[in-house]
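Source file: data.cif; contents: mmCIF, C-alpha atoms.
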data_data
loop_
_atom_site.label_atom_id
_atom_site.label_comp_id
_atom_site.auth_asym_id
_atom_site.auth_seq_id
_atom_site.Cartn_x
_atom_site.Cartn_y
_atom_site.Cartn_z
CA MET A 19 79.42 74.02 141.37
CA LYS A 20 81.66 71.44 143.02
CA ILE A 21 79.84 68.29 144.10
CA ILE A 22 81.18 66.43 147.11
CA ASN A 23 80.33 62.76 147.17
CA TYR A 24 79.23 62.15 150.77
CA ARG A 25 79.38 58.42 151.37
CA GLU A 26 76.81 56.65 153.50
CA VAL A 27 78.23 53.38 154.78
CA PRO A 28 76.93 50.36 156.70
CA ILE A 29 77.38 50.60 160.43
CA LEU A 30 77.83 47.03 161.48
CA ARG A 31 78.97 44.01 159.55
CA GLN A 32 76.76 40.94 159.73
CA SER A 33 78.48 37.56 159.87
CA GLU A 34 77.39 34.02 160.55
CA SER A 35 78.91 31.13 162.45
CA PRO A 36 77.46 27.65 163.03
CA ALA A 37 77.48 28.20 166.77
CA ALA A 38 76.35 31.77 167.12
CA GLY A 39 74.17 32.23 164.04
CA LYS A 40 73.91 35.82 162.78
CA ILE A 41 75.89 38.34 164.81
CA TRP A 42 76.70 42.01 164.39
CA SER A 43 80.28 43.19 164.76
CA ALA A 44 82.09 46.50 164.36
CA GLU A 45 85.78 46.98 163.62
CA GLY A 46 88.29 49.60 164.70
CA SER A 47 88.62 51.78 167.77
CA ILE A 48 85.86 54.10 168.96
CA SER A 49 87.69 57.14 167.60
CA GLN A 50 88.30 55.42 164.28
CA ARG A 51 84.69 54.37 163.90
CA ARG A 52 83.17 57.71 164.79
CA HIS A 53 84.64 59.59 161.83
CA ARG A 54 86.26 58.27 158.70
CA GLN A 55 87.35 59.85 155.45
CA THR A 56 87.99 58.05 152.20
CA ARG A 57 91.25 58.48 150.35
CA ASN A 58 89.82 61.28 148.20
CA GLY A 59 88.60 63.18 151.28
CA ASP A 60 84.92 62.29 151.04
CA ILE A 61 83.11 61.99 154.36
CA ASP A 62 81.54 58.65 155.25
CA MET A 63 78.05 58.71 156.76
CA ALA A 64 75.14 56.31 157.18
CA VAL A 65 71.67 56.35 155.69
CA GLY A 66 68.34 55.03 156.88
CA ASP A 67 66.44 54.50 160.08
CA SER A 68 66.56 50.77 160.75
CA LEU A 69 69.66 50.83 162.99
CA SER A 70 70.35 52.75 166.18
CA MET A 71 72.26 56.03 166.14
CA ASP A 72 75.20 54.43 167.95
CA GLU A 73 75.31 51.72 165.32
CA TYR A 74 75.39 54.33 162.58
CA LYS A 75 78.49 55.88 164.13
CA LEU A 76 80.37 52.59 164.55
CA THR A 77 81.61 51.54 161.14
CA LEU A 78 84.61 51.02 158.95
CA ALA A 79 82.96 48.93 156.25
CA SER A 80 82.88 50.07 152.63
CA PRO A 81 79.62 50.72 150.79
CA ALA A 82 78.37 47.80 148.77
CA LYS A 83 76.62 49.99 146.22
CA VAL A 84 76.88 53.55 144.93
CA VAL A 85 73.86 55.42 143.55
CA PRO A 86 75.13 58.29 141.38
CA LEU A 87 73.39 61.55 140.67
CA ASP A 88 71.04 61.63 137.70
CA PRO A 89 72.96 63.71 135.12
CA ASN A 90 69.74 64.56 133.29
CA LEU A 91 67.87 65.93 136.30
CA VAL A 92 67.68 69.73 136.32
CA LEU A 93 68.45 70.96 139.83
CA PRO A 94 66.14 73.56 141.39
CA LYS A 95 67.36 77.14 141.64
CA PRO A 96 66.15 79.78 144.10
CA THR A 97 62.89 81.26 142.82
CA PRO A 98 60.32 83.78 144.11
CA ASP A 99 57.54 82.01 142.19
CA ILE A 100 55.56 79.49 144.23
CA GLU A 101 54.29 77.63 141.15
CA THR A 102 57.86 77.12 139.96
CA ALA A 103 58.71 75.87 143.45
CA LYS A 104 55.84 73.37 143.29
CA ALA A 105 57.12 72.10 139.94
CA ASP A 106 60.66 71.77 141.35
CA LEU A 107 59.28 69.87 144.32
CA LYS A 108 57.48 67.42 142.06
CA ARG A 109 60.47 66.89 139.76
CA ALA A 110 63.48 66.96 142.10
CA GLY A 111 61.93 66.43 145.53
CA TYR A 112 62.88 69.84 146.89
CA ALA A 113 62.53 73.53 146.07
CA ILE A 114 64.07 76.83 147.17
CA LEU A 115 61.57 79.67 147.54
CA THR A 116 62.76 83.26 148.03
CA ASP A 117 61.02 86.49 149.05
CA VAL A 118 58.72 84.75 151.54
CA PHE A 119 59.77 86.60 154.70
CA PRO A 120 60.69 90.29 155.15
CA GLU A 121 64.39 90.93 155.75
CA GLU A 122 63.63 92.47 159.14
CA LEU A 123 61.89 89.27 160.25
CA VAL A 124 64.91 87.21 159.18
CA ARG A 125 67.30 89.49 161.08
CA THR A 126 65.10 89.36 164.18
CA ALA A 127 64.93 85.57 164.09
CA ARG A 128 68.71 85.31 163.67
CA GLN A 129 69.42 87.63 166.60
CA VAL A 130 66.87 85.98 168.89
CA LEU A 131 68.32 82.58 168.03
CA ALA A 132 71.86 83.73 168.87
CA ASP A 133 70.70 85.28 172.16
CA GLU A 134 68.73 82.20 173.20
CA ILE A 135 71.61 79.84 172.44
CA LYS A 136 73.98 82.04 174.43
CA ARG A 137 71.54 82.05 177.36
CA GLU A 138 71.21 78.25 177.31
CA GLU A 139 75.00 77.80 177.05
CA ALA A 140 75.45 79.91 180.18
CA ILE A 141 73.17 77.50 182.06
CA ASP A 142 74.50 74.24 180.62
CA GLU A 143 76.13 73.80 177.22
CA SER A 144 74.71 70.29 176.91
CA ARG A 145 71.24 71.83 176.52
CA VAL A 146 72.19 73.00 173.02
CA ALA A 147 75.13 70.77 172.03
CA LYS A 148 75.85 67.09 171.34
CA PHE A 149 72.51 66.45 169.66
CA PHE A 150 72.21 62.72 169.00
CA VAL A 151 72.31 63.03 165.19
CA ASP A 152 75.30 65.41 165.11
CA PRO A 153 78.78 63.93 164.59
CA ASP A 154 80.44 66.27 167.11
CA ALA A 155 79.74 68.91 169.76
CA LYS A 156 80.26 71.97 167.56
CA ASN A 157 76.74 72.31 166.17
CA ARG A 158 74.09 74.06 168.24
CA ARG A 159 70.46 72.93 168.42
CA LEU A 160 67.61 74.81 170.09
CA ASN A 161 64.13 73.51 170.87
CA ARG A 162 60.87 74.91 172.35
CA LEU A 163 60.99 77.69 169.76
CA PRO A 164 57.28 78.69 169.97
CA ASP A 165 57.88 79.54 173.64
CA ARG A 166 60.88 81.74 172.96
CA HIS A 167 59.69 84.47 170.59
CA GLU A 168 56.77 85.51 168.43
CA VAL A 169 58.89 85.27 165.27
CA PHE A 170 59.06 81.48 165.61
CA ARG A 171 55.30 81.25 166.04
CA GLN A 172 54.68 83.40 162.97
CA VAL A 173 56.63 81.15 160.62
CA LEU A 174 54.56 78.07 161.55
CA GLU A 175 51.29 79.66 160.44
CA HIS A 176 52.64 81.67 157.52
CA PRO A 177 50.19 81.53 154.56
CA VAL A 178 52.89 80.25 152.17
CA VAL A 179 53.79 77.42 154.57
CA LEU A 180 50.14 76.43 154.89
CA GLU A 181 49.55 76.62 151.12
CA LEU A 182 52.53 74.38 150.43
CA THR A 183 51.47 71.94 153.15
CA LYS A 184 48.02 71.62 151.57
CA HIS A 185 49.68 71.13 148.19
CA ILE A 186 51.96 68.38 149.52
CA LEU A 187 49.66 66.51 151.91
CA GLY A 188 46.27 67.09 150.30
CA PRO A 189 42.89 67.16 152.08
CA THR A 190 42.33 65.58 155.48
CA VAL A 191 39.44 63.48 156.77
CA LEU A 192 36.53 65.80 157.68
CA ASP A 193 38.86 68.78 157.15
CA GLU A 194 40.86 68.27 160.35
CA SER A 195 43.88 70.47 160.93
CA TYR A 196 47.40 69.35 160.15
CA LEU A 197 49.85 69.10 163.06
CA VAL A 198 53.36 70.46 163.54
CA HIS A 199 55.53 67.36 163.71
CA SER A 200 58.63 69.10 165.09
CA VAL A 201 60.35 72.49 165.10
CA ASP A 202 63.90 73.35 166.15
CA ALA A 203 66.94 75.40 165.20
CA ASN A 204 70.20 74.10 163.78
CA VAL A 205 73.34 76.25 163.83
CA THR A 206 76.22 74.62 161.97
CA ARG A 207 79.48 76.12 163.20
CA PRO A 208 82.88 76.16 161.45
CA GLY A 209 84.64 72.81 161.70
CA SER A 210 81.49 70.79 162.39
CA GLY A 211 81.14 67.48 160.59
CA ALA A 212 78.41 66.32 158.26
CA GLN A 213 75.25 64.58 159.36
CA PHE A 214 74.45 61.19 157.84
CA ILE A 215 72.12 61.20 154.84
CA HIS A 216 68.66 60.17 156.05
CA LEU A 217 64.89 60.42 155.70
CA ASP A 218 62.58 62.41 157.99
CA ALA A 219 59.99 59.71 157.42
CA SER A 220 57.23 59.23 159.98
CA ASN A 221 57.06 55.52 159.20
CA GLY A 222 60.33 54.84 157.42
CA VAL A 223 60.71 53.27 154.01
CA GLY A 224 57.72 51.80 152.24
CA HIS A 225 55.04 54.48 151.88
CA ALA A 226 54.07 55.84 148.48
CA THR A 227 53.03 59.38 149.43
CA PRO A 228 54.45 61.97 151.86
CA ASN A 229 53.33 62.12 155.47
CA GLN A 230 55.15 65.39 156.16
CA SER A 231 55.75 68.70 154.48
CA ARG A 232 59.25 69.74 155.56
CA PHE A 233 60.74 73.24 155.68
CA ILE A 234 64.15 74.77 156.33
CA TRP A 235 64.06 78.52 156.92
CA CYS A 236 67.55 79.77 156.06
CA LEU A 237 68.58 82.50 158.50
CA ASP A 238 72.04 82.69 156.92
CA GLU A 239 73.18 82.11 153.38
CA PHE A 240 73.37 78.39 152.62
CA ALA A 241 76.59 77.56 150.76
CA GLU A 242 78.50 74.32 150.38
CA GLU A 243 81.40 75.81 152.36
CA ASN A 244 79.35 76.58 155.49
CA GLY A 245 77.39 73.33 155.62
CA ALA A 246 74.35 73.82 153.39
CA THR A 247 71.89 70.96 153.70
CA ARG A 248 72.81 68.23 151.25
CA VAL A 249 70.03 66.59 149.24
CA VAL A 250 69.75 63.58 146.94
CA PRO A 251 67.75 64.98 144.00
CA GLY A 252 64.97 62.70 142.79
CA SER A 253 65.20 60.35 145.78
CA HIS A 254 61.61 61.22 146.75
CA LEU A 255 60.57 58.90 143.91
CA TRP A 256 62.70 55.93 145.01
CA ASN A 257 60.68 54.82 148.02
CA PRO A 258 60.47 51.86 148.79
CA GLU A 259 63.70 51.09 146.89
CA ILE A 260 65.77 53.23 149.29
CA ASP A 261 68.20 51.07 151.24
CA PRO A 262 67.77 51.72 155.00
CA THR A 263 70.65 49.45 156.08
CA GLY A 264 73.50 51.86 155.39
CA ALA A 265 75.06 49.60 152.75
CA THR A 266 74.45 52.06 149.92
CA THR A 267 76.16 55.32 148.99
CA TYR A 268 73.86 58.08 147.73
CA GLU A 269 75.63 60.94 146.02
CA SER A 270 74.29 64.35 147.05
CA VAL A 271 74.45 68.06 146.24
CA PRO A 272 74.25 71.15 148.48
CA ALA A 273 70.95 73.04 148.51
CA GLU A 274 72.55 76.47 148.20
CA ALA A 275 70.19 79.34 149.01
CA PRO A 276 70.29 83.03 149.98
CA ALA A 277 69.51 84.08 153.55
CA GLY A 278 65.77 84.27 154.18
CA SER A 279 64.92 81.51 151.72
CA LEU A 280 62.61 78.61 152.45
CA ILE A 281 63.82 75.16 151.40
CA ILE A 282 60.83 72.87 150.89
CA TYR A 283 60.91 69.08 150.73
CA THR A 284 59.06 66.06 152.14
CA ASP A 285 59.79 63.14 154.44
CA MET A 286 60.57 61.05 151.34
CA LEU A 287 63.73 62.96 150.32
CA LEU A 288 67.20 61.79 151.34
CA HIS A 289 69.16 64.68 152.87
CA GLY A 290 71.50 65.70 155.70
CA THR A 291 73.36 68.67 157.19
CA GLY A 292 76.58 69.34 155.30
CA ALA A 293 80.04 69.73 156.83
CA ASN A 294 81.00 73.33 157.65
CA ILE A 295 84.51 73.64 156.22
CA SER A 296 84.59 77.44 156.43
CA GLU A 297 86.86 79.36 158.77
CA ASN A 298 84.31 81.74 160.29
CA ARG A 299 80.85 81.30 158.74
CA GLU A 300 77.98 79.90 160.76
CA ARG A 301 74.92 78.48 159.02
CA ALA A 302 71.68 78.86 160.99
CA SER A 303 68.23 77.56 160.14
CA ILE A 304 64.80 76.89 161.60
CA ASN A 305 63.75 73.35 160.67
CA PHE A 306 60.16 72.18 160.96
CA GLY A 307 57.71 69.68 159.60
CA ILE A 308 53.93 69.51 159.40
CA THR A 309 52.17 66.16 159.29
CA THR A 310 48.75 64.67 158.70
CA PRO A 311 46.40 64.57 161.72
CA TRP A 312 46.56 60.79 161.97
CA CYS A 313 50.37 60.79 162.41
CA ARG A 314 51.81 61.20 165.89
CA PRO A 315 54.00 64.33 166.07
CA SER A 316 57.51 64.03 167.43
CA ILE A 317 56.72 66.59 170.16
CA ASN A 318 53.63 66.75 172.40
CA PHE A 319 53.53 70.54 172.31
CA PRO A 320 50.65 71.13 174.80
CA LEU A 321 52.74 69.39 177.47
CA VAL A 322 55.95 71.23 176.51
CA LEU A 323 54.95 74.83 175.81
CA ASP A 324 54.10 77.49 178.40
CA PRO A 325 50.29 77.99 178.55
CA GLU A 326 50.82 81.66 179.41
CA VAL A 327 52.68 82.19 176.14
CA MET A 328 49.96 80.41 174.17
CA LYS A 329 47.07 82.45 175.60
CA ASN A 330 47.19 85.16 172.94
CA THR A 331 47.90 82.93 169.95
CA SER A 332 45.58 82.30 167.02
CA GLN A 333 43.22 79.38 166.57
CA THR A 334 45.27 78.31 163.56
CA LEU A 335 48.50 78.09 165.56
CA ARG A 336 46.82 76.18 168.39
CA GLN A 337 45.38 73.71 165.92
CA LEU A 338 48.79 73.19 164.34
CA LEU A 339 50.41 72.68 167.76
CA GLY A 340 47.87 70.05 168.79
CA TYR A 341 45.52 71.94 171.12
CA SER A 342 42.56 70.00 169.74
CA SER A 343 41.46 66.41 169.29
CA VAL A 344 41.96 65.47 165.68
CA MET A 345 40.79 61.89 165.29
CA ASN A 346 38.23 61.35 162.54
CA GLY A 347 36.72 64.75 163.19
CA GLY A 348 36.01 64.15 166.86
CA ASP A 349 36.43 67.14 169.16
CA TYR A 350 36.56 65.68 172.65
CA PRO A 351 37.33 67.80 175.72
CA TRP A 352 40.56 67.03 177.53
CA GLU A 353 38.90 66.00 180.77
CA SER A 354 42.10 65.13 182.64
CA ALA A 355 44.19 68.07 181.39
CA PRO A 356 44.95 71.01 183.71
CA GLU A 357 42.65 73.98 183.24
CA SER A 358 45.57 76.07 181.94
CA ILE A 359 45.87 73.69 178.98
CA ARG A 360 42.19 72.77 178.61
CA SER A 361 41.29 76.45 178.24
CA LEU A 362 43.52 76.67 175.16
CA CYS A 363 41.77 73.87 173.26
CA VAL A 364 40.13 74.73 169.94
CA PRO A 365 37.89 72.83 167.49
CA ALA A 366 39.57 70.30 165.23
CA LYS A 367 38.17 71.57 161.93
CA MET A 368 40.77 73.43 159.89
CA ALA A 369 40.59 77.20 160.43
CA TYR A 370 42.90 78.15 157.56
#

Structure translated into structure tokens:
Amino acid sequence: MKIINYREVPILRQSESPAAGKIWSAEGSISQRRHRQTRNGDIDMAVGDSLSMDEYKLTLASPAKVVPLDPNLVLPKPTPDIETAKADLKRAGYAILTDVFPEELVRTARQVLADEIKREEAIDESRVAKFFVDPDAKNRRLNRLPDRHEVFRQVLEHPVVLELTKHILGPTVLDESYLVHSVDANVTRPGSGAQFIHLDASNGVGHATPNQSRFIWCLDEFAEENGATRVVPGSHLWNPEIDPTGATTYESVPAEAPAGSLIIYTDMLLHGTGANISENRERASINFGITTPWCRPSINFPLVLDPEVMKNTSQTLRQLLGYSSVMNGGDYPWESAPESIRSLCVPAKMAY
């Protein structure tokens, strides 16, 4: 397996002058700063969450430090055994679980995703392109998935997903339900650049245990050529030593997986979408995270999703999507919410 060294570089250079004190400056033209390749063809990206996205894209500086791969760490391989996946997750920070979803479900999800993206593009391409963390406009992103088709609701409450979430996050106070932090689709198209290596951390660098179980449902084969997600094996154990400034290079490997697989990791693993250097191979996935009830999800789903769609959903799914009050076991009615939303509310105690 060929390993590409994706370089994460600092965005802005800090300098000092007696008059101005500390200032941030960026060098080069806008086009130069947006994308840069090293002499050996490696792609430069940024890492961390302490600078703005624009700052991450504006850089020509060289990394001050390189963190190589651990040559002694055994990389996870696709496995149908959930206990092996749990061991991989503990050791390397990620796992690749196969045989979770029927092939027909995978095909349905892939076709629905393609149809929905095409429909959104016909309305306005910007609804699915130019996502703020993508380096160009070639990738396609799709949100509001639970509204769009039953297949996307099924994956969120799949028994394997819930078992792994309990394994990763542990028990909650008074047995409150976990919450879906975010869910969206990512279609990496040929010629699209690589995303910067980053954390999906709810509260950045500095926490000792995960706040999110993270999942990537591979709707296509994940290969290095078509932009398989790149991971930094073992980096889940480095927090809080991870450098969030962008001044450090973290070498990474592609998480290669067959179509239908579930890549499992946490918000403590460094990772990022790989560059799609293929001629004609898309790489589609459903990406989602589940967090503890005391963490604020990225999306306020009750205010985003269609109440009519949610009427016939399970109590488990409604709990996961936030249709309950989950604060220290309290189950308070949503007095000011519209009846269409209030009627969907369920108790906070975990139903799964």

Quiz prompt | Expected residue set, 9 Å radius at (79.8, 77.6, 159.3), all atoms listed in the file, as a list in words | solution =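 Neighbouring residues, ordered by chain and number, come to Val205, Thr206, Arg207, Pro208, Gly209, Ser210, Glu243, Asn244, Gly245, Ala246, Ala293, Asn294, Ile295, Ser296, Glu297, Asn298, Arg299, Glu300, Arg301 and Ala302 of chain A.
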
Practice problem: Name the residues that the PyMOL selection byres ((chain A and resi 322-331) around 8) pulls out of this structure, and write them as a ChimeraX atom specification. | Solution: /A:162,164-165,317-321,332-333,335-336,358-359,362

Quiz item: Between atom CA of Trp256 of chain A and atom CA of Lys104 of chain A, what is the spacing in Å?
Solution: 18.8 Å

Practice problem: Extract, using all atoms listed in the file, all DNA, RNA and protein residues at most 12 Å from Ile186 of chain A, discarding same-chain residues fewer than 2 positions from it, and format them as a PyMOL selection string. | Solution: chain A and resi 103-105+107-108+111-112+179-184+188-190+196+227-233+282-286+307-310

Self-check item: Distance in Å - atom CA of Thr334 of chain A versus atom CA of His199 of chain A
Solution: 15.0 Å

Quiz item: Between A:Ser303, A:Asn157, A:Ser342, A:Gln172, which is the closest to Phe119 of chain A once you count all atoms listed in the file?
Solution: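 Result for the nearest residue to Phe119 of chain A: A:Gln172.
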
Quiz prompt | Protein/DNA/RNA residues near (72.9, 74.9, 151.1), cut 7 Å, all atoms listed in the file, as number ranges by chain | solution = A: 240-242, 245-248, 272-275

Exercise. Could you jot down the atom CA of Pro89 of chain A to atom CA of Gly292 of chain A separation for me, Å, one decimal place?
Key: 21.3 Å

Practice problem: Write out as number ranges by chain the residues lying within 6 Å of Asn305 of chain A, counting all atoms listed in the file and excluding same-chain residues fewer than 6 positions away. | Solution: A: 201-203, 233-234

Quiz item: Of the residues A:Val364, A:Leu160, A:Ser279, A:Leu91, which is the one nearest to Arg137 of chain A, using all atoms listed in the file?
Solution: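 Between A:Val364, A:Leu160, A:Ser279, A:Leu91, the residue approaching Arg137 of chain A most closely is A:Leu160.
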
Self-check item: Hits from the PyMOL selection byres ((chain A and resi 114) around 6), listed as a ChimeraX atom specification
Solution: /A:96,113,115,280-281

Practice problem: Choose the residue, out of A:Arg159, A:Asp238, A:Ala212, A:Gly252, that has the smallest atom-to-atom separation from Arg145 of chain A; count only C-alpha atoms. | Solution: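 Of A:Arg159, A:Asp238, A:Ala212, A:Gly252, the one nearest Arg145 of chain A, counting only C-alpha atoms, is A:Arg159.
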
Quiz item: Care to translate the PyMOL selection byres ((chain A and resi 154) around 10) into actual residues of this file, as a ChimeraX atom specification?
Solution: /A:52-53,147-153,155-157,209-213

Quiz item: Which polymer residues have any atom within 10 Å of an atom of Glu122 of chain A, counting all atoms listed in the file, with same-chain residues fewer than 5 positions away left out, as a ChimeraX atom specification?
Solution: /A:127-128,278

Self-check item: Residue among A:Val198, A:Leu255, A:Ala132, A:Leu187 lying closest to Arg109 of chain A, counting all atoms listed in the file
Solution: A:Leu255

Quiz prompt | Nearest-residue call for Trp235 of chain A, choices A:Pro251, A:Pro276, A:Pro94, A:Pro262, using only C-alpha atoms | solution =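 Closest to Trp235 of chain A of all the choices is A:Pro276.
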